[in-house]
file entry09.cif (mmCIF, C-alpha atoms and all ligand atoms; chains and numbers go by the auth columns)
data_data
loop_
_atom_site.group_PDB
_atom_site.id
_atom_site.type_symbol
_atom_site.label_atom_id
_atom_site.label_comp_id
_atom_site.label_asym_id
_atom_site.label_seq_id
_atom_site.Cartn_x
_atom_site.Cartn_y
_atom_site.Cartn_z
_atom_site.B_iso_or_equiv
_atom_site.auth_seq_id
_atom_site.auth_asym_id
ATOM 1 C CA MET A 1 0.112 -2.972 -10.393 0.00 1 A
ATOM 2 C CA LEU A 2 -1.260 -0.384 -12.816 0.00 2 A
ATOM 3 C CA PRO A 3 1.425 2.004 -14.159 0.00 3 A
ATOM 4 C CA ASP A 4 -0.519 4.964 -12.803 0.00 4 A
ATOM 5 C CA ALA A 5 -0.227 3.489 -9.308 0.00 5 A
ATOM 6 C CA ALA A 6 3.567 3.727 -9.690 0.00 6 A
ATOM 7 C CA ASP A 7 3.100 7.374 -10.630 0.00 7 A
ATOM 8 C CA LEU A 8 1.115 7.943 -7.431 0.00 8 A
ATOM 9 C CA MET A 9 3.973 6.335 -5.501 0.00 9 A
ATOM 10 C CA LYS A 10 6.398 8.826 -7.093 0.00 10 A
ATOM 11 C CA ARG A 11 4.205 11.683 -5.954 0.00 11 A
ATOM 12 C CA ILE A 12 3.991 10.308 -2.420 0.00 12 A
ATOM 13 C CA ALA A 13 7.792 9.973 -2.389 0.00 13 A
ATOM 14 C CA SER A 14 8.181 13.632 -3.406 0.00 14 A
ATOM 15 C CA HIS A 15 7.117 14.445 0.180 0.00 15 A
ATOM 16 C CA ASP A 16 8.906 13.427 3.340 0.00 16 A
ATOM 17 C CA VAL A 17 7.074 10.315 4.536 0.00 17 A
ATOM 18 C CA GLY A 18 9.932 9.207 6.763 0.00 18 A
ATOM 19 C CA PRO A 19 12.141 6.186 6.138 0.00 19 A
ATOM 20 C CA GLY A 20 11.084 2.576 5.805 0.00 20 A
ATOM 21 C CA VAL A 21 9.122 0.499 3.278 0.00 21 A
ATOM 22 C CA LEU A 22 6.966 -2.471 4.222 0.00 22 A
ATOM 23 C CA GLU A 23 4.971 -4.623 1.837 0.00 23 A
ATOM 24 C CA LEU A 24 2.506 -7.281 3.004 0.00 24 A
ATOM 25 C CA GLY A 25 2.109 -9.613 0.001 0.00 25 A
ATOM 26 C CA VAL A 26 5.135 -9.318 -2.294 0.00 26 A
ATOM 27 C CA PHE A 27 4.621 -11.983 -4.985 0.00 27 A
ATOM 28 C CA LYS A 28 7.502 -11.371 -7.460 0.00 28 A
ATOM 29 C CA GLY A 29 8.443 -7.991 -6.003 0.00 29 A
ATOM 30 C CA LYS A 30 7.216 -5.628 -8.727 0.00 30 A
ATOM 31 C CA LEU A 31 5.730 -3.027 -6.388 0.00 31 A
ATOM 32 C CA LEU A 32 8.477 -3.604 -3.813 0.00 32 A
ATOM 33 C CA ALA A 33 11.078 -2.776 -6.488 0.00 33 A
ATOM 34 C CA VAL A 34 9.389 0.556 -7.289 0.00 34 A
ATOM 35 C CA ALA A 35 9.095 1.358 -3.573 0.00 35 A
ATOM 36 C CA ALA A 36 12.716 0.414 -2.878 0.00 36 A
ATOM 37 C CA ALA A 37 13.810 2.797 -5.641 0.00 37 A
ATOM 38 C CA LEU A 38 11.697 5.681 -4.345 0.00 38 A
ATOM 39 C CA PHE A 39 11.820 5.595 -0.535 0.00 39 A
ATOM 40 C CA ALA A 40 14.745 5.717 1.874 0.00 40 A
ATOM 41 C CA GLY A 41 15.402 3.390 4.793 0.00 41 A
ATOM 42 C CA PRO A 42 14.915 -0.315 5.420 0.00 42 A
ATOM 43 C CA VAL A 43 12.864 -2.295 2.888 0.00 43 A
ATOM 44 C CA VAL A 44 10.892 -5.260 4.225 0.00 44 A
ATOM 45 C CA GLY A 45 8.606 -7.622 2.320 0.00 45 A
ATOM 46 C CA VAL A 46 6.371 -10.283 3.883 0.00 46 A
ATOM 47 C CA ASP A 47 4.901 -13.173 1.906 0.00 47 A
ATOM 48 C CA ALA A 48 3.579 -16.582 2.928 0.00 48 A
ATOM 49 C CA MET A 49 5.032 -18.126 -0.237 0.00 49 A
ATOM 50 C CA TRP A 50 2.265 -20.639 -0.462 0.00 50 A
ATOM 51 C CA ASN A 51 1.565 -22.786 -3.450 0.00 51 A
ATOM 52 C CA GLY A 52 -1.916 -22.322 -4.870 0.00 52 A
ATOM 53 C CA LEU A 53 -3.451 -24.505 -2.134 0.00 53 A
ATOM 54 C CA ASN A 54 -2.231 -22.426 0.822 0.00 54 A
ATOM 55 C CA ASN A 55 0.434 -25.050 1.571 0.00 55 A
ATOM 56 C CA PRO A 56 3.955 -23.729 2.086 0.00 56 A
ATOM 57 C CA LEU A 57 6.339 -24.090 -0.865 0.00 57 A
ATOM 58 C CA GLU A 58 9.286 -26.459 -0.464 0.00 58 A
ATOM 59 C CA SER A 59 12.297 -24.674 1.040 0.00 59 A
ATOM 60 C CA ALA A 60 14.281 -24.879 -2.238 0.00 60 A
ATOM 61 C CA ASP A 61 11.362 -23.211 -4.026 0.00 61 A
ATOM 62 C CA ILE A 62 11.185 -20.523 -1.331 0.00 62 A
ATOM 63 C CA GLU A 63 14.873 -19.751 -1.965 0.00 63 A
ATOM 64 C CA ASP A 64 14.103 -19.465 -5.696 0.00 64 A
ATOM 65 C CA VAL A 65 11.244 -17.025 -5.031 0.00 65 A
ATOM 66 C CA LYS A 66 13.465 -14.959 -2.726 0.00 66 A
ATOM 67 C CA LYS A 67 16.128 -14.823 -5.473 0.00 67 A
ATOM 68 C CA LEU A 68 13.525 -13.716 -8.009 0.00 68 A
ATOM 69 C CA ILE A 69 12.292 -10.944 -5.688 0.00 69 A
ATOM 70 C CA ARG A 70 15.871 -9.784 -4.978 0.00 70 A
ATOM 71 C CA ASN A 71 16.687 -9.746 -8.722 0.00 71 A
ATOM 72 C CA ASN A 72 13.558 -7.751 -9.519 0.00 72 A
ATOM 73 C CA VAL A 73 14.309 -5.213 -6.786 0.00 73 A
ATOM 74 C CA ALA A 74 17.957 -4.942 -7.912 0.00 74 A
ATOM 75 C CA LYS A 75 16.813 -3.952 -11.422 0.00 75 A
ATOM 76 C CA LEU A 76 15.173 -0.751 -10.148 0.00 76 A
ATOM 77 C CA ALA A 77 17.008 -0.245 -6.876 0.00 77 A
ATOM 78 C CA PRO A 78 20.546 -1.614 -7.269 0.00 78 A
ATOM 79 C CA GLY A 79 22.430 -1.898 -4.006 0.00 79 A
ATOM 80 C CA VAL A 80 19.331 -1.628 -1.809 0.00 80 A
ATOM 81 C CA ASN A 81 19.173 -4.409 0.762 0.00 81 A
ATOM 82 C CA ILE A 82 15.814 -6.010 1.350 0.00 82 A
ATOM 83 C CA GLU A 83 14.588 -8.169 4.194 0.00 83 A
ATOM 84 C CA ILE A 84 12.183 -10.901 3.099 0.00 84 A
ATOM 85 C CA VAL A 85 10.037 -12.379 5.872 0.00 85 A
ATOM 86 C CA VAL A 86 8.355 -15.681 4.963 0.00 86 A
ATOM 87 C CA SER A 87 5.168 -15.782 7.007 0.00 87 A
ATOM 88 C CA ASP A 88 1.416 -15.719 6.893 0.00 88 A
ATOM 89 C CA THR A 89 0.818 -12.018 7.680 0.00 89 A
ATOM 90 C CA THR A 90 -2.151 -12.895 9.898 0.00 90 A
ATOM 91 C CA LEU A 91 0.205 -14.667 12.316 0.00 91 A
ATOM 92 C CA LEU A 92 2.360 -11.565 12.747 0.00 92 A
ATOM 93 C CA THR A 93 2.168 -8.968 15.509 0.00 93 A
ATOM 94 C CA PRO A 94 3.759 -5.509 15.284 0.00 94 A
ATOM 95 C CA ASN A 95 6.580 -6.733 17.566 0.00 95 A
ATOM 96 C CA ASP A 96 7.619 -9.259 14.920 0.00 96 A
ATOM 97 C CA ILE A 97 8.248 -6.522 12.356 0.00 97 A
ATOM 98 C CA SER A 98 9.055 -3.328 14.292 0.00 98 A
ATOM 99 C CA PRO A 99 12.694 -4.349 15.070 0.00 99 A
ATOM 100 C CA LEU A 100 13.341 -4.261 11.306 0.00 100 A
ATOM 101 C CA SER A 101 12.884 -0.474 11.080 0.00 101 A
ATOM 102 C CA ALA A 102 13.730 1.695 14.079 0.00 102 A
ATOM 103 C CA ASN A 103 11.227 4.492 13.346 0.00 103 A
ATOM 104 C CA GLY A 104 8.354 2.539 11.828 0.00 104 A
ATOM 105 C CA PHE A 105 7.561 2.590 8.112 0.00 105 A
ATOM 106 C CA GLY A 106 6.769 5.671 6.026 0.00 106 A
ATOM 107 C CA PHE A 107 5.274 3.670 3.150 0.00 107 A
ATOM 108 C CA ILE A 108 3.309 0.431 3.590 0.00 108 A
ATOM 109 C CA SER A 109 1.680 -1.579 0.801 0.00 109 A
ATOM 110 C CA VAL A 110 -1.092 -3.959 1.903 0.00 110 A
ATOM 111 C CA ASP A 111 -1.656 -6.642 -0.753 0.00 111 A
ATOM 112 C CA ALA A 112 -1.601 -10.087 0.929 0.00 112 A
ATOM 113 C CA GLY A 113 -4.791 -12.006 1.808 0.00 113 A
ATOM 114 C CA HIS A 114 -7.822 -10.870 -0.212 0.00 114 A
ATOM 115 C CA ASP A 115 -10.574 -12.032 2.193 0.00 115 A
ATOM 116 C CA PRO A 116 -12.168 -9.821 4.874 0.00 116 A
ATOM 117 C CA ASP A 117 -10.428 -11.268 7.973 0.00 117 A
ATOM 118 C CA PRO A 118 -6.845 -11.018 6.645 0.00 118 A
ATOM 119 C CA VAL A 119 -7.548 -7.508 5.316 0.00 119 A
ATOM 120 C CA VAL A 120 -8.818 -6.380 8.746 0.00 120 A
ATOM 121 C CA HIS A 121 -5.754 -7.949 10.376 0.00 121 A
ATOM 122 C CA ASP A 122 -3.266 -6.509 7.862 0.00 122 A
ATOM 123 C CA LEU A 123 -4.713 -2.978 8.047 0.00 123 A
ATOM 124 C CA GLY A 124 -4.398 -3.191 11.840 0.00 124 A
ATOM 125 C CA LEU A 125 -0.800 -4.400 11.584 0.00 125 A
ATOM 126 C CA ALA A 126 0.020 -1.657 9.071 0.00 126 A
ATOM 127 C CA THR A 127 -1.589 0.994 11.287 0.00 127 A
ATOM 128 C CA GLU A 128 0.573 -0.065 14.241 0.00 128 A
ATOM 129 C CA LEU A 129 3.740 0.015 12.133 0.00 129 A
ATOM 130 C CA LEU A 130 3.039 3.248 10.227 0.00 130 A
ATOM 131 C CA ALA A 131 5.370 6.162 11.011 0.00 131 A
ATOM 132 C CA PRO A 132 3.564 9.433 11.853 0.00 132 A
ATOM 133 C CA GLY A 133 2.606 11.110 8.566 0.00 133 A
ATOM 134 C CA GLY A 134 3.282 7.942 6.551 0.00 134 A
ATOM 135 C CA VAL A 135 1.078 6.422 3.849 0.00 135 A
ATOM 136 C CA ILE A 136 -0.655 3.045 3.542 0.00 136 A
ATOM 137 C CA PHE A 137 -1.352 1.892 -0.019 0.00 137 A
ATOM 138 C CA LEU A 138 -4.146 -0.732 -0.033 0.00 138 A
ATOM 139 C CA ASP A 139 -4.633 -2.786 -3.202 0.00 139 A
ATOM 140 C CA ASP A 140 -8.028 -3.913 -4.547 0.00 140 A
ATOM 141 C CA GLY A 141 -10.244 -2.054 -2.031 0.00 141 A
ATOM 142 C CA PHE A 142 -12.735 -1.331 -4.839 0.00 142 A
ATOM 143 C CA ASN A 143 -12.063 -4.312 -7.108 0.00 143 A
ATOM 144 C CA SER A 144 -15.252 -6.203 -7.984 0.00 144 A
ATOM 145 C CA ALA A 145 -13.155 -9.323 -8.705 0.00 145 A
ATOM 146 C CA CYS A 146 -12.288 -9.639 -4.989 0.00 146 A
ATOM 147 C CA PRO A 147 -14.996 -7.863 -2.949 0.00 147 A
ATOM 148 C CA GLY A 148 -13.654 -9.353 0.285 0.00 148 A
ATOM 149 C CA VAL A 149 -10.938 -6.681 0.295 0.00 149 A
ATOM 150 C CA GLY A 150 -13.551 -3.922 0.291 0.00 150 A
ATOM 151 C CA GLU A 151 -15.540 -5.784 2.962 0.00 151 A
ATOM 152 C CA GLY A 152 -12.447 -5.992 5.176 0.00 152 A
ATOM 153 C CA MET A 153 -11.534 -2.365 4.491 0.00 153 A
ATOM 154 C CA PHE A 154 -14.985 -1.065 5.455 0.00 154 A
ATOM 155 C CA ARG A 155 -15.083 -3.280 8.550 0.00 155 A
ATOM 156 C CA PHE A 156 -11.675 -2.007 9.660 0.00 156 A
ATOM 157 C CA LEU A 157 -12.526 1.659 9.021 0.00 157 A
ATOM 158 C CA SER A 158 -15.801 1.425 10.900 0.00 158 A
ATOM 159 C CA GLU A 159 -14.124 -0.130 13.958 0.00 159 A
ATOM 160 C CA ASP A 160 -10.829 1.768 14.062 0.00 160 A
ATOM 161 C CA ARG A 161 -10.555 5.549 13.681 0.00 161 A
ATOM 162 C CA ARG A 162 -6.758 5.778 13.541 0.00 162 A
ATOM 163 C CA LEU A 163 -6.597 5.644 9.727 0.00 163 A
ATOM 164 C CA LYS A 164 -8.207 8.017 7.254 0.00 164 A
ATOM 165 C CA ALA A 165 -8.367 7.618 3.489 0.00 165 A
ATOM 166 C CA PHE A 166 -7.271 10.644 1.450 0.00 166 A
ATOM 167 C CA ALA A 167 -7.324 9.289 -2.127 0.00 167 A
ATOM 168 C CA THR A 168 -8.651 6.431 -4.235 0.00 168 A
ATOM 169 C CA GLY A 169 -7.714 5.377 -7.744 0.00 169 A
ATOM 170 C CA TYR A 170 -5.741 3.066 -10.019 0.00 170 A
ATOM 171 C CA ASN A 171 -6.907 0.122 -7.863 0.00 171 A
ATOM 172 C CA LYS A 172 -5.342 1.659 -4.726 0.00 172 A
ATOM 173 C CA THR A 173 -6.788 3.316 -1.630 0.00 173 A
ATOM 174 C CA LEU A 174 -4.400 5.689 0.131 0.00 174 A
ATOM 175 C CA PHE A 175 -4.515 6.144 3.917 0.00 175 A
ATOM 176 C CA THR A 176 -2.636 8.108 6.491 0.00 176 A
ATOM 177 C CA ASP A 177 -3.004 8.600 10.239 0.00 177 A
ATOM 178 C CA SER A 178 -5.978 10.749 11.181 0.00 178 A
ATOM 179 C CA GLU A 179 -3.777 13.698 12.293 0.00 179 A
ATOM 180 C CA SER A 180 -2.096 13.846 8.853 0.00 180 A
ATOM 181 C CA HIS A 181 -5.253 13.512 6.738 0.00 181 A
ATOM 182 C CA SER A 182 -5.739 17.198 5.855 0.00 182 A
ATOM 183 C CA LEU A 183 -2.073 17.565 4.890 0.00 183 A
ATOM 184 C CA TRP A 184 -2.144 14.564 2.520 0.00 184 A
ATOM 185 C CA LEU A 185 -5.548 15.563 1.114 0.00 185 A
ATOM 186 C CA SER A 186 -4.204 18.993 0.153 0.00 186 A
ATOM 187 C CA ARG A 187 -1.046 17.400 -1.286 0.00 187 A
ATOM 188 C CA ALA A 188 -3.149 15.049 -3.432 0.00 188 A
ATOM 189 C CA TYR A 189 -5.285 17.955 -4.721 0.00 189 A
ATOM 190 C CA GLU A 190 -2.031 19.780 -5.537 0.00 190 A
ATOM 191 C CA TRP A 191 -0.718 16.780 -7.548 0.00 191 A
ATOM 192 C CA VAL A 192 -3.825 17.033 -9.712 0.00 192 A
ATOM 193 C CA ARG A 193 -3.743 20.844 -10.021 0.00 193 A
ATOM 194 C CA SER A 194 -0.067 21.104 -10.880 0.00 194 A
ATOM 195 C CA GLY A 195 0.416 17.893 -12.909 0.00 195 A
ATOM 196 C CA GLU A 196 0.730 18.439 -16.657 0.00 196 A
ATOM 197 C CA GLU A 197 0.230 14.744 -17.407 0.00 197 A
ATOM 198 C CA PRO A 198 -2.755 13.591 -19.513 0.00 198 A
ATOM 199 C CA MET A 199 -3.354 10.917 -16.838 0.00 199 A
ATOM 200 C CA PHE A 200 -4.900 13.625 -14.643 0.00 200 A
ATOM 201 C CA GLU A 201 -7.283 15.084 -17.260 0.00 201 A
ATOM 202 C CA ARG A 202 -10.245 12.911 -16.247 0.00 202 A
ATOM 203 C CA THR A 203 -9.494 13.486 -12.569 0.00 203 A
ATOM 204 C CA ARG A 204 -9.371 17.263 -13.124 0.00 204 A
ATOM 205 C CA ALA A 205 -12.733 17.110 -14.919 0.00 205 A
ATOM 206 C CA GLN A 206 -14.216 15.027 -12.095 0.00 206 A
ATOM 207 C CA ILE A 207 -12.976 17.439 -9.421 0.00 207 A
ATOM 208 C CA SER A 208 -14.293 20.446 -11.379 0.00 208 A
ATOM 209 C CA ALA A 209 -17.711 18.754 -11.624 0.00 209 A
ATOM 210 C CA ASN A 210 -17.642 18.025 -7.877 0.00 210 A
ATOM 211 C CA ILE A 211 -16.794 21.645 -7.085 0.00 211 A
ATOM 212 C CA ALA A 212 -19.569 22.875 -9.402 0.00 212 A
ATOM 213 C CA ALA A 213 -21.996 20.604 -7.535 0.00 213 A
ATOM 214 C CA ARG A 214 -20.603 21.826 -4.181 0.00 214 A
ATOM 215 C CA TRP A 215 -19.903 18.239 -3.240 0.00 215 A
ATOM 216 C CA ALA A 216 -16.816 16.224 -2.318 0.00 216 A
ATOM 217 C CA PRO A 217 -16.493 12.418 -2.150 0.00 217 A
ATOM 218 C CA THR A 218 -15.793 10.806 1.220 0.00 218 A
ATOM 219 C CA LEU A 219 -14.831 7.345 2.431 0.00 219 A
ATOM 220 C CA CYS A 220 -16.047 6.472 5.932 0.00 220 A
ATOM 221 C CA GLY A 221 -16.233 10.156 6.812 0.00 221 A
ATOM 222 C CA SER A 222 -12.940 11.312 5.269 0.00 222 A
ATOM 223 C CA GLU A 223 -12.711 13.406 2.125 0.00 223 A
ATOM 224 C CA ILE A 224 -10.781 11.723 -0.671 0.00 224 A
ATOM 225 C CA VAL A 225 -9.317 12.854 -3.976 0.00 225 A
ATOM 226 C CA PRO A 226 -10.800 10.533 -6.604 0.00 226 A
ATOM 227 C CA PHE A 227 -8.184 9.577 -9.204 0.00 227 A
ATOM 228 C CA VAL A 228 -10.357 8.353 -12.080 0.00 228 A
HETATM 229 C C1 LIG B . -1.449 -9.887 -5.432 0.00 1 V
HETATM 230 S S1 LIG B . 0.005 -10.670 -4.906 0.00 1 V
HETATM 231 C C2 LIG B . 1.049 -9.320 -4.445 0.00 1 V
HETATM 232 C C3 LIG B . 1.539 -8.495 -5.610 0.00 1 V
HETATM 233 C C4 LIG B . 2.556 -7.447 -5.217 0.00 1 V
HETATM 234 N N1 LIG B . 2.063 -6.620 -4.122 0.00 1 V
HETATM 235 C C5 LIG B . 2.859 -6.541 -6.393 0.00 1 V
HETATM 236 O O1 LIG B . 2.134 -5.541 -6.599 0.00 1 V
HETATM 237 O O2 LIG B . 3.814 -6.807 -7.121 0.00 1 V
HETATM 238 C C6 LIG B . -0.465 -11.305 -3.352 0.00 1 V
HETATM 239 C C7 LIG B . 0.660 -12.023 -2.611 0.00 1 V
HETATM 240 O O3 LIG B . 0.230 -12.163 -1.262 0.00 1 V
HETATM 241 C C8 LIG B . 0.601 -13.426 -0.772 0.00 1 V
HETATM 242 N N2 LIG B . -0.342 -13.757 0.318 0.00 1 V
HETATM 243 C C9 LIG B . -1.646 -14.047 0.252 0.00 1 V
HETATM 244 N N3 LIG B . -2.168 -14.236 1.473 0.00 1 V
HETATM 245 C C10 LIG B . -1.143 -14.061 2.333 0.00 1 V
HETATM 246 C C11 LIG B . -1.036 -14.110 3.748 0.00 1 V
HETATM 247 N N4 LIG B . -2.086 -14.372 4.540 0.00 1 V
HETATM 248 N N5 LIG B . 0.161 -13.895 4.312 0.00 1 V
HETATM 249 C C12 LIG B . 1.250 -13.613 3.536 0.00 1 V
HETATM 250 N N6 LIG B . 1.201 -13.531 2.201 0.00 1 V
HETATM 251 C C13 LIG B . 0.022 -13.751 1.610 0.00 1 V
HETATM 252 C C14 LIG B . 0.541 -14.353 -1.969 0.00 1 V
HETATM 253 O O4 LIG B . 1.445 -15.417 -1.746 0.00 1 V
HETATM 254 C C15 LIG B . 0.970 -13.418 -3.120 0.00 1 V
HETATM 255 O O5 LIG B . 2.356 -13.542 -3.342 0.00 1 V
#

call {"tool": "encode", "arguments": {"input": "entry09.cif", "output": "structure tokens", "more": "lines below"}}
Ligand SMILES: C[S@@+](CC[C@H](N)C(=O)[O-])C[C@H]1O[C@@H](n2cnc3c(N)ncnc32)[C@H](O)[C@@H]1O
result
Amino acid sequence: MLPDAADLMKRIASHDVGPGVLELGVFKGKLLAVAAALFAGPVVGVDAMWNGLNNPLESADIEDVKKLIRNNVAKLAPGVNIEIVVSDTTLLTPNDISPLSANGFGFISVDAGHDPDPVVHDLGLATELLAPGGVIFLDDGFNSACPGVGEGMFRFLSEDRRLKAFATGYNKTLFTDSESHSLWLSRAYEWVRSGEEPMFERTRAQISANIAARWAPTLCGSEIVPFV
């Protein structure tokens, strides 16, 4: 995860997204640790815990990975309990996960399978589990090293109108439910306008150029703030 993506997470958490964190694809728990420190409510991570050949790890190794994830989360979010679900995300339905957080999830990171079919599945799962007004944080949607994520993202967005993107940048694409799009878009513009940080200088320049050209970038029909 790029450090600036963690900064975006802080800005998202400065608004009320509702309780509950879900991450599909946890690896060692770096992003999950940041999310657990920032957002209230239950924290759930799902990972297949495969070895490199898509075979499941031995159960002793799975326990070691769980320990590593718990230790990493405890460094940033001491005392926060996390639920680790060992599963291929594409085998999960919303009913498998919804009992773990009574009101859905306000923040969901999608970063598991990087081929089109799993991305379509995982965005659908995340959409079902998203609390109203919550945010989905998709990794690698515009990463040329794994174009299957973008392929899956575009396929999902063209077939399902429930999600709208409101920002892109730092290797993340940010979505919310279609009713909450204008609210999150204006919040993201406000982060850029009011932020003193040098990290927003290029973004400010890009937005000024867009305004001068009387143009705004969109993704599948939704205006986005481009963090560049
Ligand atoms: C890029 S890493 C996640 C990194 C993590 N989100 C972070 O930022 O710290 C991707 C993870 O997804 C897992 N994964 C890949 N395909 C999966 C699938 N179909 N179901 C569950 N987990 C999967 C891999 O085991 C790996 O741990």

call {"tool": "resolve_selection", "arguments": {"input": "entry09.cif", "expression": "the PyMOL selection byres (((chain A and resi 179) around 9) and not hetatm)", "output": "ChimeraX atom specification"}}
result
/A:132-133,162-164,176-178,180-183

call {"tool": "residues_around", "arguments": {"input": "entry09.cif", "residues": "Arg11 of chain A", "least_positions_apart": "5", "cutoff": "10 Å", "atoms": "all atoms listed in the file", "output": "list of chain:residue names"}}
result
A:Ala5, A:Ala6, A:Leu38, A:Arg187, A:Ala188, A:Trp191

call {"tool": "write_last_selection", "arguments": {"input": "entry09.cif", "atoms": "C-alpha atoms", "output": "PDB file, in the coordinates of the input"}}
result
ATOM      1  CA  ALA A   5      -0.227   3.489  -9.308  1.00  0.00           C
ATOM      2  CA  ALA A   6       3.567   3.727  -9.690  1.00  0.00           C
ATOM      3  CA  LEU A  38      11.697   5.681  -4.345  1.00  0.00           C
ATOM      4  CA  ARG A 187      -1.046  17.400  -1.286  1.00  0.00           C
ATOM      5  CA  ALA A 188      -3.149  15.049  -3.432  1.00  0.00           C
ATOM      6  CA  TRP A 191      -0.718  16.780  -7.548  1.00  0.00           C
TER       7      TRP A 191
END

call {"tool": "closest_atom_pairs", "arguments": {"input": "entry09.cif", "of": "chain A", "to": "ligand LIG 1 (chain V)", "cutoff": "7 Å", "atoms": "all atoms listed in the file", "output": "CSV"}}
result
residue,atom,partner,partner_atom,distance
A:Met1,CA,V:LIG1,O1,5.0
A:Glu23,CA,V:LIG1,N1,6.9
A:Leu24,CA,V:LIG1,N6,6.4
A:Gly25,CA,V:LIG1,O3,3.4
A:Val26,CA,V:LIG1,C4,4.3
A:Phe27,CA,V:LIG1,O5,3.2
A:Lys28,CA,V:LIG1,O2,5.9
A:Gly29,CA,V:LIG1,O2,4.9
A:Lys30,CA,V:LIG1,O2,3.9
A:Leu31,CA,V:LIG1,O2,4.3
A:Leu32,CA,V:LIG1,O2,6.6
A:Val46,CA,V:LIG1,C12,6.1
A:Asp47,CA,V:LIG1,N6,3.7
A:Ala48,CA,V:LIG1,C12,3.8
A:Met49,CA,V:LIG1,O4,4.7
A:Trp50,CA,V:LIG1,O4,5.4
A:Ser87,CA,V:LIG1,C12,5.7
A:Asp88,CA,V:LIG1,N5,3.4
A:Thr89,CA,V:LIG1,N5,3.9
A:Thr90,CA,V:LIG1,N4,5.6
A:Asp111,CA,V:LIG1,N1,5.0
A:Ala112,CA,V:LIG1,O3,3.5
A:Gly113,CA,V:LIG1,N3,3.5
A:His114,CA,V:LIG1,N3,6.8
A:Pro118,CA,V:LIG1,N4,6.2

call {"tool": "write_last_selection", "arguments": {"input": "entry09.cif", "atoms": "C-alpha atoms", "output": "compact mmCIF listing (two decimals), in the coordinates of the input"}}
result
# COMPACT_ATOMS: atom_id res chain seq x y z
CA MET A 1 0.11 -2.97 -10.39
CA GLU A 23 4.97 -4.62 1.84
CA LEU A 24 2.51 -7.28 3.00
CA GLY A 25 2.11 -9.61 0.00
CA VAL A 26 5.14 -9.32 -2.29
CA PHE A 27 4.62 -11.98 -4.99
CA LYS A 28 7.50 -11.37 -7.46
CA GLY A 29 8.44 -7.99 -6.00
CA LYS A 30 7.22 -5.63 -8.73
CA LEU A 31 5.73 -3.03 -6.39
CA LEU A 32 8.48 -3.60 -3.81
CA VAL A 46 6.37 -10.28 3.88
CA ASP A 47 4.90 -13.17 1.91
CA ALA A 48 3.58 -16.58 2.93
CA MET A 49 5.03 -18.13 -0.24
CA TRP A 50 2.26 -20.64 -0.46
CA SER A 87 5.17 -15.78 7.01
CA ASP A 88 1.42 -15.72 6.89
CA THR A 89 0.82 -12.02 7.68
CA THR A 90 -2.15 -12.90 9.90
CA ASP A 111 -1.66 -6.64 -0.75
CA ALA A 112 -1.60 -10.09 0.93
CA GLY A 113 -4.79 -12.01 1.81
CA HIS A 114 -7.82 -10.87 -0.21
CA PRO A 118 -6.84 -11.02 6.64

call {"tool": "resolve_selection", "arguments": {"input": "entry09.cif", "expression": "the PyMOL selection byres (((chain A and resi 18) around 8) and not hetatm)", "output": "number ranges by chain"}}
result
A: 16-17, 19-20, 40, 105-106, 131, 133-134

call {"tool": "resolve_selection", "arguments": {"input": "entry09.cif", "expression": "the PyMOL selection byres (((chain A and resi 82) around 7) and not hetatm)", "output": "ChimeraX atom specification"}}
result
/A:43-44,80-81,83-84
